[in-house]
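Below: one structure, written as structure tokens.
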Amino acid sequence: MNCHVRNMVCLSQRSQAKFRIILPILILIAVELVHPTMSCKNENCSQLLHRSLKLTRLMSKRTAELLETYKASQGDSADLICDMQMDNVPVSTISGQTMSERILSVYTHLKEFLPHMKTVMEQQKDLNPPTNPVVEGLHSMITHVRHIALRVNCILQILQPNIPIPEPAERPTGIPPAQNIFQQKAYGCIVLSRLQELLSQAVQEQKSLKGKMCRKRTKNGS
């Protein structure tokens, strides 16, 4: 096989692998375009929990992949910048004693991460070409994390009907007004790392609701 043909084969294989990775994302985006604003009344309890868990599990995996892409783009300094400590990034730890309290904690953290993700995306646009995979991945991730938050909100309405759900501030808190390039790189890595930890925990919290949440709603006559 000559050099030209071999390069074409490798390119084709890489393209196919990339397509297999992004296909689930494209399907989910298509669904969201059809239903841009989800109503909690459009799905029954078991459907809601199943789809929320499926989307959260997929996004946890995609965030882990995006984090590895992010680290690869940082070169030899990746391990150093990702091990830094930053107090201004939301924590990923789920708190609460009851099911409702823990799901509320998931919802609150998801909403808190959204503005930080937007900030990282804007910083990456300045540091790298707009078409780089990190920016594209963050743009998609923001859409899906927002959608997960909507579904978790619906779950909360089932767990604690008639109780208002507190909304966190829609802005990044504690971010310094100016960050040098090293700080921006570290900030982005820490945001993605903690987001992946949060989504992984969110999967476990939703799995724990199986066989409990919908049965409870049935007993209450809803």
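Identifiers in the structure tokens: chain A, B, ... in order shown; residue index from 1 per chain; ligand index from 1 in order shown.
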Quick one: everything within 10 Å of A:Glu205, counting only C-alpha atoms, minus sequence neighbours fewer than 3 positions away in the same chain. Send it as number ranges by chain. A: 53, 94, 99, 102-103, 106, 199-202, 208-210
Could the residues in this selection be written to a file with N, CA, C and O atoms, as an mmCIF file, in the first residue's frame?
data_model
loop_
_atom_site.group_PDB
_atom_site.id
_atom_site.type_symbol
_atom_site.label_atom_id
_atom_site.label_comp_id
_atom_site.auth_asym_id
_atom_site.auth_seq_id
_atom_site.Cartn_x
_atom_site.Cartn_y
_atom_site.Cartn_z
ATOM 1 N N LEU A 53 -31.854 9.679 33.592
ATOM 2 C CA LEU A 53 -30.706 8.849 33.951
ATOM 3 C C LEU A 53 -29.867 8.515 32.725
ATOM 4 O O LEU A 53 -28.634 8.578 32.767
ATOM 5 N N ILE A 94 -22.380 15.929 46.556
ATOM 6 C CA ILE A 94 -23.825 15.950 46.770
ATOM 7 C C ILE A 94 -24.102 15.878 48.271
ATOM 8 O O ILE A 94 -23.524 15.034 48.971
ATOM 9 N N MET A 99 -34.016 11.844 50.013
ATOM 10 C CA MET A 99 -33.952 11.780 48.551
ATOM 11 C C MET A 99 -34.152 13.173 47.959
ATOM 12 O O MET A 99 -33.423 13.585 47.053
ATOM 13 N N ARG A 102 -31.087 15.476 48.411
ATOM 14 C CA ARG A 102 -29.939 15.111 47.583
ATOM 15 C C ARG A 102 -30.198 15.439 46.112
ATOM 16 O O ARG A 102 -29.284 15.883 45.400
ATOM 17 N N ILE A 103 -31.407 15.233 45.637
ATOM 18 C CA ILE A 103 -31.725 15.595 44.250
ATOM 19 C C ILE A 103 -31.729 17.120 44.099
ATOM 20 O O ILE A 103 -31.299 17.641 43.053
ATOM 21 N N VAL A 106 -28.187 18.038 43.621
ATOM 22 C CA VAL A 106 -27.773 17.786 42.227
ATOM 23 C C VAL A 106 -28.222 18.932 41.338
ATOM 24 O O VAL A 106 -27.435 19.472 40.538
ATOM 25 N N LEU A 199 -21.590 14.792 37.599
ATOM 26 C CA LEU A 199 -22.456 13.982 36.747
ATOM 27 C C LEU A 199 -22.394 12.507 37.132
ATOM 28 O O LEU A 199 -23.409 11.797 37.095
ATOM 29 N N SER A 200 -21.215 12.033 37.504
ATOM 30 C CA SER A 200 -21.066 10.646 37.937
ATOM 31 C C SER A 200 -21.895 10.391 39.201
ATOM 32 O O SER A 200 -22.580 9.372 39.324
ATOM 33 N N GLN A 201 -21.854 11.340 40.142
ATOM 34 C CA GLN A 201 -22.653 11.212 41.360
ATOM 35 C C GLN A 201 -24.145 11.346 41.054
ATOM 36 O O GLN A 201 -24.978 10.674 41.669
ATOM 37 N N ALA A 202 -24.477 12.225 40.092
ATOM 38 C CA ALA A 202 -25.881 12.417 39.718
ATOM 39 C C ALA A 202 -26.471 11.133 39.147
ATOM 40 O O ALA A 202 -27.654 10.833 39.352
ATOM 41 N N SER A 208 -30.612 5.470 42.500
ATOM 42 C CA SER A 208 -31.162 5.131 43.820
ATOM 43 C C SER A 208 -32.658 5.395 43.904
ATOM 44 O O SER A 208 -33.333 4.896 44.812
ATOM 45 N N LEU A 209 -33.192 6.197 42.960
ATOM 46 C CA LEU A 209 -34.618 6.512 42.960
ATOM 47 C C LEU A 209 -35.455 5.413 42.307
ATOM 48 O O LEU A 209 -36.678 5.386 42.464
ATOM 49 N N LYS A 210 -34.803 4.523 41.570
ATOM 50 C CA LYS A 210 -35.540 3.469 40.871
ATOM 51 C C LYS A 210 -36.317 2.614 41.869
ATOM 52 O O LYS A 210 -35.780 2.164 42.877
#
Using Å and a single decimal, report how far atom CA of A:Ser193 sits from atom CA of A:Thr69.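 According to the coordinates, atom CA of A:Thr69 and atom CA of A:Ser193 are separated by 12.0 Å.
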Contacts of A:Ile181 within 12 Å, only C-alpha atoms, excl. fewer than 5 positions in-chain, as a count of residues only: 11
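Comparing A:Leu49, A:Cys214, A:Leu156, A:Ile190 by their smallest distance to A:Val91, the closest is A:Ile190 (using only C-alpha atoms).
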So which residues touch A:Ile158 within 12 Å, counting only C-alpha atoms, skipping near sequence neighbours fewer than 4 positions away, as a ChimeraX atom specification? /A:40-41,43-46,48-49,99-100,103-104,151-154,162-165,209,212-218,220-222
So the first atom is atom CA of A:Ala72 and the second is atom CA of A:Lys111; what is the distance between them in Å, to one decimal place?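 These atoms are spaced 27.4 Å apart.
Excluding A:Asn132 itself and any same-chain residue fewer than 6 positions from it, the protein and nucleic acid residues within 12 Å of it, counting only C-alpha atoms, are Leu66, Thr69, Tyr70, Ser73, Met121, Gln124, Lys125, Asp126, Leu138 and His139 of chain A.
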Would you output that residue set with C-alpha atoms, as a short mmCIF file (atom, residue, chain, number, x, y, z; two decimals), in the first residue's frame?
data_model
loop_
_atom_site.label_atom_id
_atom_site.label_comp_id
_atom_site.auth_asym_id
_atom_site.auth_seq_id
_atom_site.Cartn_x
_atom_site.Cartn_y
_atom_site.Cartn_z
CA LEU A 66 -13.85 16.09 26.78
CA THR A 69 -9.21 16.16 25.03
CA TYR A 70 -8.72 19.31 27.10
CA SER A 73 -4.46 20.27 24.25
CA MET A 121 -15.83 28.22 26.60
CA GLN A 124 -10.97 28.77 25.13
CA LYS A 125 -12.19 30.76 22.15
CA ASP A 126 -9.54 33.37 22.97
CA LEU A 138 -18.26 22.73 25.70
CA HIS A 139 -20.96 24.31 23.54
#
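Comparing the minimum interatomic distances between A:Ser140 and each of A:His109, A:Ile155, A:Phe182, A:Leu114, counting only C-alpha atoms, we find that A:Leu114 sits nearest.
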For the atom pair atom CA of A:Leu159 and atom CA of A:His144, what is the interatomic distance in Å to one decimal place?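 Between atom CA of A:Leu159 and atom CA of A:His144 the gap is 22.6 Å.
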Which neighbours of A:Thr108 fall inside 9 Å, counting only C-alpha atoms, when residues of the same chain fewer than 6 positions from it are skipped, and could you give them as a compact mmCIF listing (two decimals) with C-alpha atoms, in the first residue's frame?
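What landed in part_15.txt:
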# COMPACT_ATOMS: atom_id res chain seq x y z
CA ALA A 149 -31.18 20.28 34.98
CA PRO A 166 -34.84 27.55 44.99
CA GLU A 167 -32.84 28.77 42.01
CA PRO A 168 -29.09 29.51 42.33
Residue neighbourhood stretch 58-64 of chain A, 12 Å, only C-alpha atoms, exclusion window fewer than 5 positions, as a PyMOL selection string: chain A and resi 21-25+27-28+51-53+69-71+117+134+137-148+189+191-204
Residue with smallest distance to A:Phe113 - pool A:Gln97, A:Gln160, A:Asn180, A:Asn88, counting only C-alpha atoms: A:Asn88
Could you pull out all residues of stretch 64-135 of chain A with a DSSP call of helix (DSSP H, G or I) and give them as number ranges by chain? A: 64-73, 75-82, 99-127, 133-135
Identify which of the residues A:Thr131, A:Gln179, A:Ser95, A:Ser105 lies closest to A:Thr119, counting only C-alpha atoms when measuring atom-to-atom distances.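 Smallest separation from A:Thr119 among the options: A:Gln179.
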